[in-house]
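Engineer: Sharing final38.cif below, mmCIF, C-alpha atoms and all ligand atoms:
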data_work
loop_
_atom_site.label_atom_id
_atom_site.label_comp_id
_atom_site.auth_asym_id
_atom_site.auth_seq_id
_atom_site.Cartn_x
_atom_site.Cartn_y
_atom_site.Cartn_z
CA MET K 1 -16.03 -33.43 -12.13
CA SER K 2 -13.49 -31.61 -9.96
CA HIS K 3 -12.88 -33.02 -6.49
CA VAL K 4 -11.19 -29.84 -5.35
CA PHE K 5 -13.29 -28.08 -2.72
CA HIS K 6 -13.52 -24.67 -4.39
CA ARG K 7 -14.69 -21.90 -2.12
CA HIS K 8 -17.41 -20.74 -4.51
CA THR K 9 -19.19 -23.99 -5.23
CA LYS K 10 -21.11 -22.58 -8.20
CA HIS K 11 -18.19 -20.97 -10.03
CA SER K 12 -15.93 -22.62 -12.54
CA TYR K 13 -12.35 -21.48 -12.76
CA PRO K 14 -9.87 -21.49 -15.64
CA THR K 15 -6.78 -23.56 -14.92
CA ALA K 16 -3.67 -21.43 -14.34
CA MET K 17 -0.82 -23.02 -16.27
CA ARG K 18 2.10 -20.65 -16.35
CA GLY K 19 3.39 -17.38 -14.92
CA GLU K 20 5.91 -15.06 -16.49
CA GLY K 21 6.79 -11.63 -15.09
CA VAL K 22 3.56 -9.74 -14.41
CA TYR K 23 1.49 -12.17 -16.49
CA LEU K 24 -0.41 -15.39 -15.84
CA PHE K 25 -1.58 -17.77 -18.59
CA ASP K 26 -4.48 -20.21 -18.44
CA ASP K 27 -5.00 -23.59 -20.12
CA LYS K 28 -6.52 -21.91 -23.20
CA GLY K 29 -3.44 -19.72 -23.57
CA LYS K 30 -5.28 -16.60 -22.39
CA LYS K 31 -2.99 -13.99 -20.84
CA TYR K 32 -3.87 -12.02 -17.69
CA LEU K 33 -2.00 -9.07 -16.24
CA ASP K 34 -1.72 -9.93 -12.54
CA GLY K 35 -2.84 -6.49 -11.40
CA SER K 36 -3.42 -7.51 -7.80
CA GLY K 37 -0.57 -10.02 -7.42
CA GLY K 38 -3.30 -12.54 -6.56
CA ALA K 39 -4.21 -11.05 -3.21
CA ALA K 40 -1.18 -8.75 -2.85
CA VAL K 41 1.14 -11.74 -2.84
CA SER K 42 3.26 -11.86 -6.02
CA CYS K 43 5.55 -8.90 -5.34
CA LEU K 44 8.41 -10.24 -7.50
CA GLY K 45 6.21 -11.33 -10.37
CA HIS K 46 6.18 -14.87 -11.71
CA GLY K 47 9.10 -17.09 -12.66
CA ASP K 48 11.83 -15.29 -10.71
CA PRO K 49 14.91 -17.45 -11.43
CA ASP K 50 16.73 -16.52 -8.21
CA VAL K 51 13.90 -17.64 -5.95
CA ILE K 52 13.40 -20.80 -7.98
CA GLU K 53 17.10 -21.62 -7.72
CA ALA K 54 17.12 -21.01 -3.95
CA ILE K 55 14.12 -23.32 -3.48
CA LYS K 56 15.75 -26.05 -5.57
CA ALA K 57 19.06 -25.80 -3.75
CA GLN K 58 17.40 -25.85 -0.33
CA ALA K 59 15.13 -28.79 -1.19
CA GLU K 60 18.17 -30.73 -2.36
CA SER K 61 20.22 -30.09 0.78
CA LEU K 62 17.46 -30.02 3.43
CA ALA K 63 13.79 -29.68 2.57
CA TYR K 64 12.49 -29.87 6.14
CA ALA K 65 13.52 -30.45 9.73
CA HIS K 66 11.10 -30.07 12.66
CA THR K 67 11.87 -27.07 14.86
CA SER K 68 11.41 -29.01 18.08
CA PHE K 69 14.62 -30.82 17.07
CA PHE K 70 16.59 -28.36 14.96
CA THR K 71 16.97 -24.80 13.83
CA SER K 72 18.07 -24.24 10.21
CA GLU K 73 20.37 -21.87 8.38
CA PRO K 74 17.66 -20.35 6.15
CA ALA K 75 15.46 -19.62 9.18
CA GLU K 76 18.33 -18.05 11.13
CA GLN K 77 19.38 -15.95 8.13
CA LEU K 78 15.85 -14.80 7.40
CA ALA K 79 15.24 -13.78 11.02
CA ASP K 80 18.49 -11.77 10.98
CA LYS K 81 17.48 -10.02 7.75
CA LEU K 82 14.00 -9.13 8.99
CA VAL K 83 15.29 -7.79 12.30
CA ALA K 84 17.87 -5.72 10.38
CA ALA K 85 15.18 -4.43 8.01
CA SER K 86 13.21 -3.28 11.08
CA ASP K 87 16.32 -1.37 12.28
CA GLY K 88 16.20 -3.45 15.44
CA ASP K 89 12.61 -2.52 16.36
CA PHE K 90 12.07 -6.25 16.86
CA GLU K 91 14.34 -8.85 18.34
CA ARG K 92 12.73 -12.18 17.53
CA VAL K 93 10.91 -13.64 14.55
CA TYR K 94 8.43 -16.51 14.80
CA PHE K 95 7.87 -18.19 11.42
CA VAL K 96 4.54 -19.65 10.31
CA SER K 97 2.94 -20.63 7.00
CA GLY K 98 0.60 -17.71 6.28
CA GLY K 99 -1.18 -14.60 7.43
CA SER K 100 -3.88 -16.04 9.67
CA GLU K 101 -1.29 -18.16 11.46
CA ALA K 102 0.87 -15.07 11.98
CA VAL K 103 -2.07 -13.22 13.53
CA GLU K 104 -2.99 -16.21 15.75
CA ALA K 105 0.60 -16.36 16.98
CA ALA K 106 0.55 -12.62 17.70
CA LEU K 107 -2.71 -12.82 19.68
CA LYS K 108 -1.47 -15.76 21.74
CA LEU K 109 1.95 -14.25 22.37
CA ALA K 110 0.36 -10.99 23.52
CA ARG K 111 -1.88 -12.84 25.97
CA GLN K 112 1.01 -14.97 27.22
CA TYR K 113 3.20 -11.88 27.66
CA PHE K 114 0.73 -10.52 30.20
CA LEU K 115 0.31 -13.91 31.88
CA GLU K 116 4.08 -14.06 32.36
CA LYS K 117 3.82 -10.67 34.06
CA GLY K 118 0.98 -11.87 36.29
CA GLU K 119 -1.71 -9.81 34.52
CA SER K 120 -4.26 -12.53 33.87
CA THR K 121 -7.29 -10.19 33.79
CA ARG K 122 -6.26 -9.12 30.31
CA ARG K 123 -8.30 -11.15 27.86
CA ARG K 124 -9.78 -8.74 25.33
CA PHE K 125 -8.57 -7.25 22.05
CA ILE K 126 -9.64 -3.97 20.53
CA ALA K 127 -9.62 -3.75 16.74
CA ARG K 128 -11.42 -1.73 14.07
CA ARG K 129 -14.61 -2.05 12.13
CA GLN K 130 -14.11 -2.90 8.47
CA SER K 131 -10.89 -4.79 9.12
CA TYR K 132 -9.71 -8.27 8.22
CA HIS K 133 -7.05 -10.21 10.07
CA GLY K 134 -7.58 -13.75 8.80
CA ASN K 135 -10.07 -16.56 8.63
CA THR K 136 -9.06 -18.79 11.56
CA LEU K 137 -11.31 -18.29 14.56
CA GLY K 138 -8.95 -16.11 16.64
CA ALA K 139 -7.99 -13.87 13.74
CA LEU K 140 -11.58 -13.74 12.51
CA ALA K 141 -12.74 -12.66 15.98
CA THR K 142 -10.27 -9.78 15.89
CA GLY K 143 -11.40 -8.57 12.48
CA GLY K 144 -14.39 -6.34 11.92
CA ASN K 145 -15.47 -7.84 8.64
CA GLN K 146 -19.06 -8.59 9.60
CA TRP K 147 -20.17 -10.84 6.75
CA ARG K 148 -17.24 -13.16 7.32
CA LYS K 149 -17.81 -13.22 11.09
CA GLU K 150 -21.55 -13.50 11.48
CA PRO K 151 -22.08 -17.26 10.95
CA PHE K 152 -19.27 -18.11 13.38
CA ALA K 153 -19.90 -15.44 16.01
CA PRO K 154 -20.88 -17.94 18.74
CA LEU K 155 -17.50 -19.65 18.36
CA MET K 156 -15.39 -16.54 18.81
CA VAL K 157 -14.17 -14.36 21.63
CA GLU K 158 -15.76 -10.96 21.75
CA THR K 159 -13.64 -8.12 20.42
CA SER K 160 -14.26 -4.40 20.85
CA LEU K 161 -14.41 -2.60 17.53
CA ILE K 162 -13.74 1.10 17.01
CA SER K 163 -13.85 3.20 13.83
CA PRO K 164 -11.20 2.71 11.17
CA CYS K 165 -9.16 5.70 10.02
CA TYR K 166 -10.99 6.23 6.74
CA ALA K 167 -10.85 9.92 5.87
CA TYR K 168 -12.84 9.64 2.64
CA ARG K 169 -15.95 8.73 4.60
CA GLY K 170 -15.14 9.79 8.13
CA GLN K 171 -13.63 13.26 7.94
CA GLN K 172 -16.26 15.88 8.69
CA ASP K 173 -16.74 19.31 7.11
CA GLY K 174 -14.56 21.86 8.83
CA GLU K 175 -12.33 19.18 10.36
CA SER K 176 -8.69 18.89 9.23
CA ALA K 177 -7.27 15.47 8.35
CA PHE K 178 -5.11 15.65 11.46
CA GLU K 179 -8.08 16.49 13.71
CA TYR K 180 -10.04 13.65 12.15
CA GLY K 181 -7.19 11.21 12.86
CA GLN K 182 -6.96 12.31 16.49
CA ARG K 183 -10.72 12.00 16.90
CA VAL K 184 -10.88 8.41 15.62
CA ALA K 185 -7.70 7.44 17.48
CA ASN K 186 -9.28 8.75 20.68
CA GLU K 187 -12.03 6.18 20.26
CA LEU K 188 -9.41 3.68 21.45
CA GLU K 189 -9.10 5.56 24.73
CA GLU K 190 -12.88 5.80 25.10
CA GLU K 191 -13.25 2.06 24.55
CA LEU K 192 -10.41 1.26 26.96
CA LEU K 193 -12.09 3.32 29.65
CA ARG K 194 -15.46 1.72 28.91
CA VAL K 195 -14.26 -1.90 29.18
CA GLY K 196 -11.51 -1.28 31.75
CA PRO K 197 -7.91 -1.08 30.53
CA GLU K 198 -6.91 -3.91 32.86
CA THR K 199 -9.01 -6.29 30.74
CA VAL K 200 -7.35 -5.38 27.43
CA ILE K 201 -4.39 -7.16 25.86
CA ALA K 202 -3.76 -5.20 22.67
CA PHE K 203 -5.01 -2.98 19.91
CA VAL K 204 -4.82 -4.65 16.50
CA ALA K 205 -4.82 -2.75 13.20
CA GLU K 206 -3.47 -2.75 9.66
CA PRO K 207 -1.23 0.29 9.01
CA VAL K 208 -2.72 0.60 5.51
CA VAL K 209 -6.07 -1.16 5.22
CA GLY K 210 -6.23 -3.70 2.41
CA ALA K 211 -9.07 -6.04 1.57
CA THR K 212 -11.89 -4.46 3.57
CA LEU K 213 -11.45 -0.83 2.54
CA GLY K 214 -9.16 -0.89 -0.50
CA ALA K 215 -5.68 0.52 0.22
CA VAL K 216 -6.66 3.16 2.75
CA PRO K 217 -3.65 4.83 4.42
CA PRO K 218 -4.01 6.48 7.84
CA VAL K 219 -3.94 10.26 8.14
CA GLU K 220 -0.90 11.91 9.65
CA GLY K 221 -0.63 11.61 13.39
CA TYR K 222 -3.22 8.84 13.75
CA PHE K 223 -0.82 6.04 14.68
CA LYS K 224 1.28 8.34 16.88
CA ARG K 225 -1.82 9.03 18.96
CA ILE K 226 -2.70 5.31 18.96
CA ARG K 227 0.81 4.48 20.24
CA GLU K 228 0.48 7.13 22.94
CA ILE K 229 -2.84 5.68 24.14
CA CYS K 230 -1.45 2.12 24.15
CA ASP K 231 1.48 3.30 26.27
CA THR K 232 -0.71 5.30 28.66
CA TYR K 233 -2.89 2.27 29.41
CA GLY K 234 -0.15 -0.38 29.17
CA ILE K 235 -1.63 -2.35 26.28
CA LEU K 236 0.31 -3.75 23.33
CA LEU K 237 0.14 -2.49 19.76
CA ILE K 238 -0.08 -5.28 17.17
CA LEU K 239 0.17 -4.14 13.57
CA ASP K 240 -0.99 -6.53 10.89
CA GLU K 241 1.15 -6.08 7.78
CA VAL K 242 0.13 -9.35 6.18
CA MET K 243 -1.16 -7.47 3.14
CA CYS K 244 0.50 -4.04 3.31
CA GLY K 245 3.96 -5.16 4.43
CA MET K 246 7.03 -6.39 2.57
CA GLY K 247 7.47 -3.37 0.35
CA ARG K 248 3.86 -3.19 -0.79
CA THR K 249 3.47 0.42 0.41
CA GLY K 250 7.00 1.43 -0.60
CA SER K 251 8.95 0.50 2.57
CA VAL K 252 9.81 -3.02 3.74
CA PHE K 253 7.65 -2.44 6.83
CA ALA K 254 4.59 -0.24 6.30
CA TYR K 255 4.55 1.04 9.91
CA LYS K 256 7.91 2.79 9.34
CA GLN K 257 6.05 5.53 7.47
CA GLU K 258 4.08 6.35 10.65
CA GLY K 259 7.09 7.15 12.84
CA ILE K 260 6.12 4.65 15.51
CA ARG K 261 7.29 1.25 16.76
CA PRO K 262 4.67 -1.46 17.31
CA ASP K 263 5.24 -4.23 19.87
CA ILE K 264 4.37 -7.00 17.43
CA VAL K 265 4.03 -7.01 13.66
CA THR K 266 2.67 -9.76 11.43
CA ILE K 267 3.77 -10.38 7.83
CA ALA K 268 3.02 -13.04 5.18
CA LYS K 269 1.88 -12.81 1.53
CA GLY K 270 4.78 -10.83 -0.02
CA LEU K 271 7.31 -12.53 2.27
CA GLY K 272 7.15 -15.68 0.17
CA ALA K 273 6.03 -13.73 -2.92
CA GLY K 274 3.82 -16.70 -3.79
CA TYR K 275 6.78 -19.05 -4.28
CA GLN K 276 6.35 -20.63 -0.85
CA PRO K 277 3.68 -20.31 1.85
CA ILE K 278 5.32 -18.41 4.68
CA GLY K 279 4.42 -15.79 7.25
CA ALA K 280 6.03 -14.42 10.37
CA MET K 281 5.39 -12.61 13.61
CA LEU K 282 8.08 -10.26 14.87
CA CYS K 283 8.14 -9.20 18.51
CA SER K 284 10.04 -6.66 20.58
CA ALA K 285 12.90 -7.52 22.91
CA GLU K 286 10.66 -6.68 25.91
CA ILE K 287 8.07 -9.27 24.97
CA TYR K 288 10.62 -11.98 24.31
CA ALA K 289 12.39 -11.15 27.58
CA ALA K 290 9.16 -11.64 29.54
CA ILE K 291 8.77 -15.17 28.15
CA GLU K 292 12.45 -15.90 28.68
CA ALA K 293 12.34 -14.71 32.28
CA GLY K 294 9.04 -16.50 32.93
CA THR K 295 8.04 -19.94 31.72
CA GLY K 296 10.71 -19.92 29.00
CA PHE K 297 8.28 -21.51 26.56
CA PHE K 298 5.90 -19.95 24.04
CA GLN K 299 2.85 -22.14 24.29
CA HIS K 300 2.17 -22.32 20.57
CA GLY K 301 3.47 -24.08 17.48
CA HIS K 302 2.76 -25.68 14.12
CA THR K 303 4.43 -28.50 12.24
CA TYR K 304 5.75 -26.22 9.51
CA VAL K 305 7.17 -23.45 11.72
CA GLY K 306 10.44 -22.20 10.18
CA HIS K 307 10.13 -24.45 7.12
CA PRO K 308 13.65 -24.34 5.58
CA THR K 309 12.53 -24.36 1.92
CA ALA K 310 10.00 -21.59 2.58
CA CYS K 311 12.64 -19.58 4.48
CA ALA K 312 15.13 -20.07 1.61
CA ALA K 313 12.64 -18.53 -0.82
CA ALA K 314 11.87 -15.66 1.55
CA ASN K 315 15.58 -14.91 2.02
CA VAL K 316 15.82 -14.08 -1.68
CA VAL K 317 12.64 -12.00 -1.52
CA VAL K 318 13.88 -9.95 1.43
CA ASP K 319 17.29 -9.45 -0.24
CA LYS K 320 15.55 -8.07 -3.32
CA LEU K 321 13.25 -5.84 -1.28
CA THR K 322 16.06 -4.33 0.73
CA THR K 323 18.28 -3.71 -2.30
CA GLY K 324 15.90 -1.59 -4.33
CA LEU K 325 12.65 -3.41 -4.96
CA ALA K 326 10.72 -1.84 -2.06
CA ALA K 327 11.90 1.57 -3.30
CA ARG K 328 10.71 0.62 -6.78
CA SER K 329 7.27 -0.11 -5.32
CA ALA K 330 7.24 3.47 -3.97
CA ASP K 331 8.26 4.98 -7.33
CA MET K 332 6.04 2.87 -9.54
CA GLY K 333 3.21 3.34 -7.05
CA GLN K 334 3.35 7.10 -7.55
CA LYS K 335 3.19 6.58 -11.30
CA LEU K 336 0.29 4.15 -11.00
CA ASN K 337 -1.59 6.56 -8.73
CA ALA K 338 -1.00 9.43 -11.18
CA ALA K 339 -2.16 7.30 -14.12
CA LEU K 340 -5.29 6.20 -12.26
CA LYS K 341 -6.09 9.81 -11.39
CA ALA K 342 -5.50 10.92 -14.99
CA SER K 343 -7.79 8.19 -16.33
CA PHE K 344 -10.50 8.04 -13.67
CA GLY K 345 -10.12 11.16 -11.53
CA GLN K 346 -13.21 12.69 -13.17
CA HIS K 347 -15.17 9.47 -13.63
CA PRO K 348 -18.70 9.97 -12.24
CA ASN K 349 -18.56 6.64 -10.39
CA ILE K 350 -15.06 6.83 -8.94
CA GLY K 351 -15.25 8.61 -5.61
CA ASP K 352 -11.68 8.24 -4.38
CA ILE K 353 -8.30 7.06 -5.63
CA ARG K 354 -5.84 6.40 -2.80
CA GLY K 355 -3.00 4.22 -1.64
CA ARG K 356 0.70 4.00 -1.03
CA GLY K 357 3.33 2.36 -3.20
CA LEU K 358 1.96 -0.40 -5.39
CA PHE K 359 -1.05 -0.70 -3.11
CA GLN K 360 -3.74 1.43 -4.74
CA GLY K 361 -7.49 1.51 -4.34
CA LEU K 362 -10.41 3.04 -6.22
CA GLU K 363 -13.70 3.53 -4.43
CA ILE K 364 -16.73 2.98 -6.64
CA VAL K 365 -19.80 5.10 -5.87
CA GLU K 366 -23.18 5.68 -7.41
CA ASP K 367 -22.87 9.41 -6.88
CA ARG K 368 -19.54 11.23 -6.53
CA ASP K 369 -21.05 14.22 -4.76
CA THR K 370 -23.00 12.40 -2.07
CA LYS K 371 -20.50 9.48 -2.00
CA SER K 372 -23.48 7.15 -1.85
CA PRO K 373 -22.52 3.57 -2.74
CA PHE K 374 -24.29 1.36 -5.25
CA ALA K 375 -26.98 -0.91 -3.82
CA PRO K 376 -25.41 -4.14 -2.55
CA GLU K 377 -27.79 -6.25 -4.71
CA LEU K 378 -26.05 -4.88 -7.79
CA ALA K 379 -22.86 -6.68 -6.67
CA ILE K 380 -20.79 -4.12 -8.55
CA ASN K 381 -17.50 -5.42 -7.19
CA ALA K 382 -18.21 -8.97 -8.36
CA LYS K 383 -19.19 -7.68 -11.80
CA ILE K 384 -15.99 -5.65 -12.05
CA LYS K 385 -13.88 -8.64 -11.08
CA LYS K 386 -15.57 -10.80 -13.71
CA ALA K 387 -15.40 -8.23 -16.50
CA ALA K 388 -11.79 -7.29 -15.74
CA PHE K 389 -10.81 -10.95 -15.79
CA ALA K 390 -12.54 -11.39 -19.15
CA ASN K 391 -10.54 -8.35 -20.33
CA GLY K 392 -7.30 -10.02 -19.19
CA LEU K 393 -6.78 -8.11 -15.95
CA GLY K 394 -6.65 -9.65 -12.50
CA CYS K 395 -7.76 -7.09 -9.91
CA TYR K 396 -9.17 -7.42 -6.41
CA PRO K 397 -12.59 -5.79 -6.09
CA MET K 398 -14.36 -6.09 -2.75
CA GLY K 399 -17.34 -4.71 -0.95
CA GLY K 400 -16.99 -3.38 2.57
CA THR K 401 -19.65 -2.26 5.01
CA VAL K 402 -20.11 1.47 4.60
CA ASP K 403 -22.60 3.22 6.87
CA GLY K 404 -24.53 0.00 7.20
CA ARG K 405 -24.58 -0.51 3.44
CA ILE K 406 -22.19 -2.34 1.19
CA GLY K 407 -19.78 -0.17 -0.76
CA ASP K 408 -17.41 -1.27 -3.52
CA HIS K 409 -13.76 -0.75 -4.23
CA VAL K 410 -11.08 -2.12 -6.52
CA LEU K 411 -7.68 -2.95 -5.05
CA LEU K 412 -4.58 -2.98 -7.24
CA ALA K 413 -1.38 -4.60 -5.95
CA PRO K 414 0.73 -5.55 -8.97
CA PRO K 415 4.24 -7.03 -8.88
CA PHE K 416 7.00 -4.50 -8.17
CA ILE K 417 8.68 -5.29 -11.52
CA LEU K 418 5.82 -3.42 -13.20
CA THR K 419 6.83 -1.08 -16.06
CA ASP K 420 5.24 2.07 -17.50
CA GLU K 421 3.74 -0.03 -20.31
CA HIS K 422 2.07 -2.30 -17.77
CA ILE K 423 0.56 0.73 -16.04
CA THR K 424 -0.97 1.81 -19.34
CA GLU K 425 -2.30 -1.71 -19.86
CA ILE K 426 -3.90 -1.65 -16.39
CA THR K 427 -5.63 1.70 -16.93
CA ASP K 428 -6.79 0.68 -20.43
CA LYS K 429 -8.24 -2.59 -19.20
CA LEU K 430 -9.81 -1.02 -16.14
CA GLY K 431 -11.30 1.71 -18.36
CA ALA K 432 -12.86 -0.89 -20.65
CA THR K 433 -14.16 -2.77 -17.60
CA PHE K 434 -15.71 0.33 -16.00
CA ALA K 435 -17.33 1.21 -19.35
CA GLU K 436 -18.99 -2.21 -19.43
CA VAL K 437 -20.07 -2.43 -15.78
CA LEU K 438 -20.72 1.12 -14.61
N1 LIG K 501 -4.29 -10.13 7.74
C1 LIG K 501 -4.54 -9.36 6.68
C2 LIG K 501 -4.40 -7.87 6.81
C3 LIG K 501 -4.92 -9.92 5.46
O1 LIG K 501 -5.19 -9.14 4.41
C4 LIG K 501 -5.03 -11.33 5.38
C5 LIG K 501 -5.43 -11.97 4.12
O2 LIG K 501 -5.91 -11.36 3.20
C6 LIG K 501 -4.75 -12.10 6.51
C7 LIG K 501 -4.39 -11.47 7.68
C8 LIG K 501 -4.87 -13.59 6.46
O3 LIG K 501 -3.82 -14.11 5.72
P1 LIG K 501 -3.93 -15.57 5.07
O4 LIG K 501 -4.99 -15.52 4.03
O5 LIG K 501 -2.55 -15.80 4.51
O6 LIG K 501 -4.24 -16.51 6.18
#
Just give me the structure as structure tokens.

Structural biologist:
Amino acid sequence: MSHVFHRHTKHSYPTAMRGEGVYLFDDKGKKYLDGSGGAAVSCLGHGDPDVIEAIKAQAESLAYAHTSFFTSEPAEQLADKLVAASDGDFERVYFVSGGSEAVEAALKLARQYFLEKGESTRRRFIARRQSYHGNTLGALATGGNQWRKEPFAPLMVETSLISPCYAYRGQQDGESAFEYGQRVANELEEELLRVGPETVIAFVAEPVVGATLGAVPPVEGYFKRIREICDTYGILLILDEVMCGMGRTGSVFAYKQEGIRPDIVTIAKGLGAGYQPIGAMLCSAEIYAAIEAGTGFFQHGHTYVGHPTACAAANVVVDKLTTGLAARSADMGQKLNAALKASFGQHPNIGDIRGRGLFQGLEIVEDRDTKSPFAPELAINAKIKKAAFANGLGCYPMGGTVDGRIGDHVLLAPPFILTDEHITEITDKLGATFAEVL
């Protein structure tokens, strides 16, 4: 009997034994193409010798030192590299161990920023329906993923939720994509006016929506309008790039493709590429200055903040991303998107194929013309995950609330070292899976 507390108590899992490039191998020697990089984590693939060497070297010289006593070279270097990769949009980097922690830190920093400025009435966040920002109570409260939230609702602060930017389902007949984006962005202004802008801390959103919608990019102009509204009403813009950041959408920071500058951004997953658990929150000079000029102390912290071994691994990841690997994600992503469209563009149950870089999603529908989803009881996404896994493909199918019903999508987020042959293997295995399940 296993004593590991597995999340699904009734499932049994194969034991992962080895990773090599884009492949994982289990204890029976079965090979899986890691088509979703776990959950959009393994951007370098498995067994990268440079990251492994950096971890070894760091563990030998200094595995850990608590940040209330010391800073460390790997943390300082990594912060410099991330700030440089943002072209100076941010000034400070707060390191944590994962995505939810990064979001918690962002929410608390945003609240403290306003406290430092004497604006204590601000205590509410606005986020979007069908979003996910983490499983800890603060991050969960900010997300709009209802099934995850419902049991814990009494323990969480109330968050206002507006529509996501989800053109496939939201854009109306006769409306251009741009007009649609402006319309849904304007919901932020409507909600601010409804609750009173002086009560709002920040708007929180993923630039490209991952788990809840399946690699849905915003339409042009959406985030520019969001930024404008945040500025008009003096609220902060927090962008959650835990899943879509670190080259996943083809640029080191996903928000760069929107032509805006957020006040705070959160990253994790790809930052450690699965070699070490690490996340970070980056904030603007203005926010840091308010803390510096005020109490001089960010009232937050975890034991493993700025963990040197984790930072050493992430330094190698960021070096690789900024010297060609993020660009490779953009190029290979275009090829993957084209291959998916060639294979499934006419499939009667594939309603939409979308994404950016190596962050691609397929929306599964019962009827392409009406876009009606399969009945939730059919658990299509769970069946696809199971069948794909049996076929040797790891992919990330999920259901998200669509018009009050549960819709299904498949998310692909393979390592950036993917080749043309791997793309063919993905489409072949997905094709076989769809033939079995749909
Ligand atoms: N934010 C986003 C956008 C995510 O996709 C996730 C995880 O999937 C998180 C936050 C939470 O990250 P973690 O699971 O590392 O706590």

Engineer: Looking at K:Val365, K:Val410, K:Ala293, K:Ala205, which one is nearest to ligand LIG 501 (chain K), with distances taken over all atoms listed in the file?

Structural biologist: K:Ala205

Engineer: Which chain K residues have any atom within 9 Å of an atom of ligand LIG 501 (chain K), and for each, what is the nearest pair of atoms with distance in Å to one decimal, counting all atoms listed in the file, rows sorted by chain and number, as a Markdown table?

Structural biologist:
| residue | atom | partner | partner_atom | distance |
| --- | --- | --- | --- | --- |
| K:Ala39 | CA | K:LIG501 | O2 | 6.6 |
| K:Ala40 | CA | K:LIG501 | O2 | 8.1 |
| K:Ser97 | CA | K:LIG501 | O5 | 7.7 |
| K:Gly98 | CA | K:LIG501 | O5 | 4.1 |
| K:Gly99 | CA | K:LIG501 | O3 | 3.2 |
| K:Ser100 | CA | K:LIG501 | O6 | 3.5 |
| K:Glu101 | CA | K:LIG501 | O6 | 6.3 |
| K:Ala102 | CA | K:LIG501 | C7 | 7.7 |
| K:Val103 | CA | K:LIG501 | C7 | 6.5 |
| K:Ser131 | CA | K:LIG501 | C2 | 7.5 |
| K:Tyr132 | CA | K:LIG501 | C1 | 5.5 |
| K:His133 | CA | K:LIG501 | N1 | 3.6 |
| K:Gly134 | CA | K:LIG501 | C8 | 3.6 |
| K:Asn135 | CA | K:LIG501 | O6 | 6.3 |
| K:Thr136 | CA | K:LIG501 | O6 | 7.6 |
| K:Ala139 | CA | K:LIG501 | C7 | 7.4 |
| K:Leu140 | CA | K:LIG501 | C7 | 9.0 |
| K:Gly143 | CA | K:LIG501 | N1 | 8.7 |
| K:Ala205 | CA | K:LIG501 | C2 | 8.2 |
| K:Glu206 | CA | K:LIG501 | C2 | 5.9 |
| K:Val208 | CA | K:LIG501 | C2 | 8.7 |
| K:Val209 | CA | K:LIG501 | C2 | 7.1 |
| K:Gly210 | CA | K:LIG501 | O1 | 5.9 |
| K:Ala211 | CA | K:LIG501 | O1 | 5.7 |
| K:Thr212 | CA | K:LIG501 | O1 | 8.2 |
| K:Leu239 | CA | K:LIG501 | C2 | 9.0 |
| K:Asp240 | CA | K:LIG501 | C2 | 5.5 |
| K:Glu241 | CA | K:LIG501 | C2 | 5.9 |
| K:Val242 | CA | K:LIG501 | C1 | 4.7 |
| K:Met243 | CA | K:LIG501 | O1 | 4.5 |
| K:Cys244 | CA | K:LIG501 | C2 | 7.1 |
| K:Thr266 | CA | K:LIG501 | N1 | 7.9 |
| K:Ile267 | CA | K:LIG501 | N1 | 8.1 |
| K:Ala268 | CA | K:LIG501 | O5 | 6.3 |
| K:Lys269 | CA | K:LIG501 | O5 | 6.1 |
| K:Pro277 | CA | K:LIG501 | O5 | 8.1 |
| K:Ile278 | CA | K:LIG501 | O5 | 8.3 |
| K:Gly279 | CA | K:LIG501 | O5 | 7.5 |

Engineer: Kindly indicate which residue among K:Ala379, K:Ile201, K:Val437, K:Leu336 lies nearest to Arg111 of chain K, using only C-alpha atoms for the distances.

Structural biologist: K:Ile201

Engineer: Go through segment 230-345 of chain K and flag each residue having an atom no more than 10 Å from segment 47-64 of chain K; for those, report the closest pair of atoms plus their distance in Å to one decimal, using all atoms listed in the file, ordered by chain and rising number, as JSON lines.

Structural biologist:
{"residue": "K:Gly272", "atom": "CA", "partner": "K:Val51", "partner_atom": "CA", "distance": 9.3}
{"residue": "K:Ala273", "atom": "CA", "partner": "K:Val51", "partner_atom": "CA", "distance": 9.3}
{"residue": "K:Tyr275", "atom": "CA", "partner": "K:Val51", "partner_atom": "CA", "distance": 7.4}
{"residue": "K:Gln276", "atom": "CA", "partner": "K:Ile55", "partner_atom": "CA", "distance": 8.6}
{"residue": "K:Tyr304", "atom": "CA", "partner": "K:Tyr64", "partner_atom": "CA", "distance": 8.4}
{"residue": "K:Gly306", "atom": "CA", "partner": "K:Tyr64", "partner_atom": "CA", "distance": 8.9}
{"residue": "K:His307", "atom": "CA", "partner": "K:Tyr64", "partner_atom": "CA", "distance": 6.0}
{"residue": "K:Pro308", "atom": "CA", "partner": "K:Tyr64", "partner_atom": "CA", "distance": 5.7}
{"residue": "K:Thr309", "atom": "CA", "partner": "K:Ala63", "partner_atom": "CA", "distance": 5.5}
{"residue": "K:Ala310", "atom": "CA", "partner": "K:Ile55", "partner_atom": "CA", "distance": 7.5}
{"residue": "K:Cys311", "atom": "CA", "partner": "K:Ile55", "partner_atom": "CA", "distance": 8.9}
{"residue": "K:Ala312", "atom": "CA", "partner": "K:Ala54", "partner_atom": "CA", "distance": 6.0}
{"residue": "K:Ala313", "atom": "CA", "partner": "K:Val51", "partner_atom": "CA", "distance": 5.4}
{"residue": "K:Ala314", "atom": "CA", "partner": "K:Val51", "partner_atom": "CA", "distance": 8.0}
{"residue": "K:Asn315", "atom": "CA", "partner": "K:Val51", "partner_atom": "CA", "distance": 8.6}
{"residue": "K:Val316", "atom": "CA", "partner": "K:Val51", "partner_atom": "CA", "distance": 5.9}
{"residue": "K:Val317", "atom": "CA", "partner": "K:Val51", "partner_atom": "CA", "distance": 7.3}
{"residue": "K:Lys320", "atom": "CA", "partner": "K:Asp50", "partner_atom": "CA", "distance": 9.8}
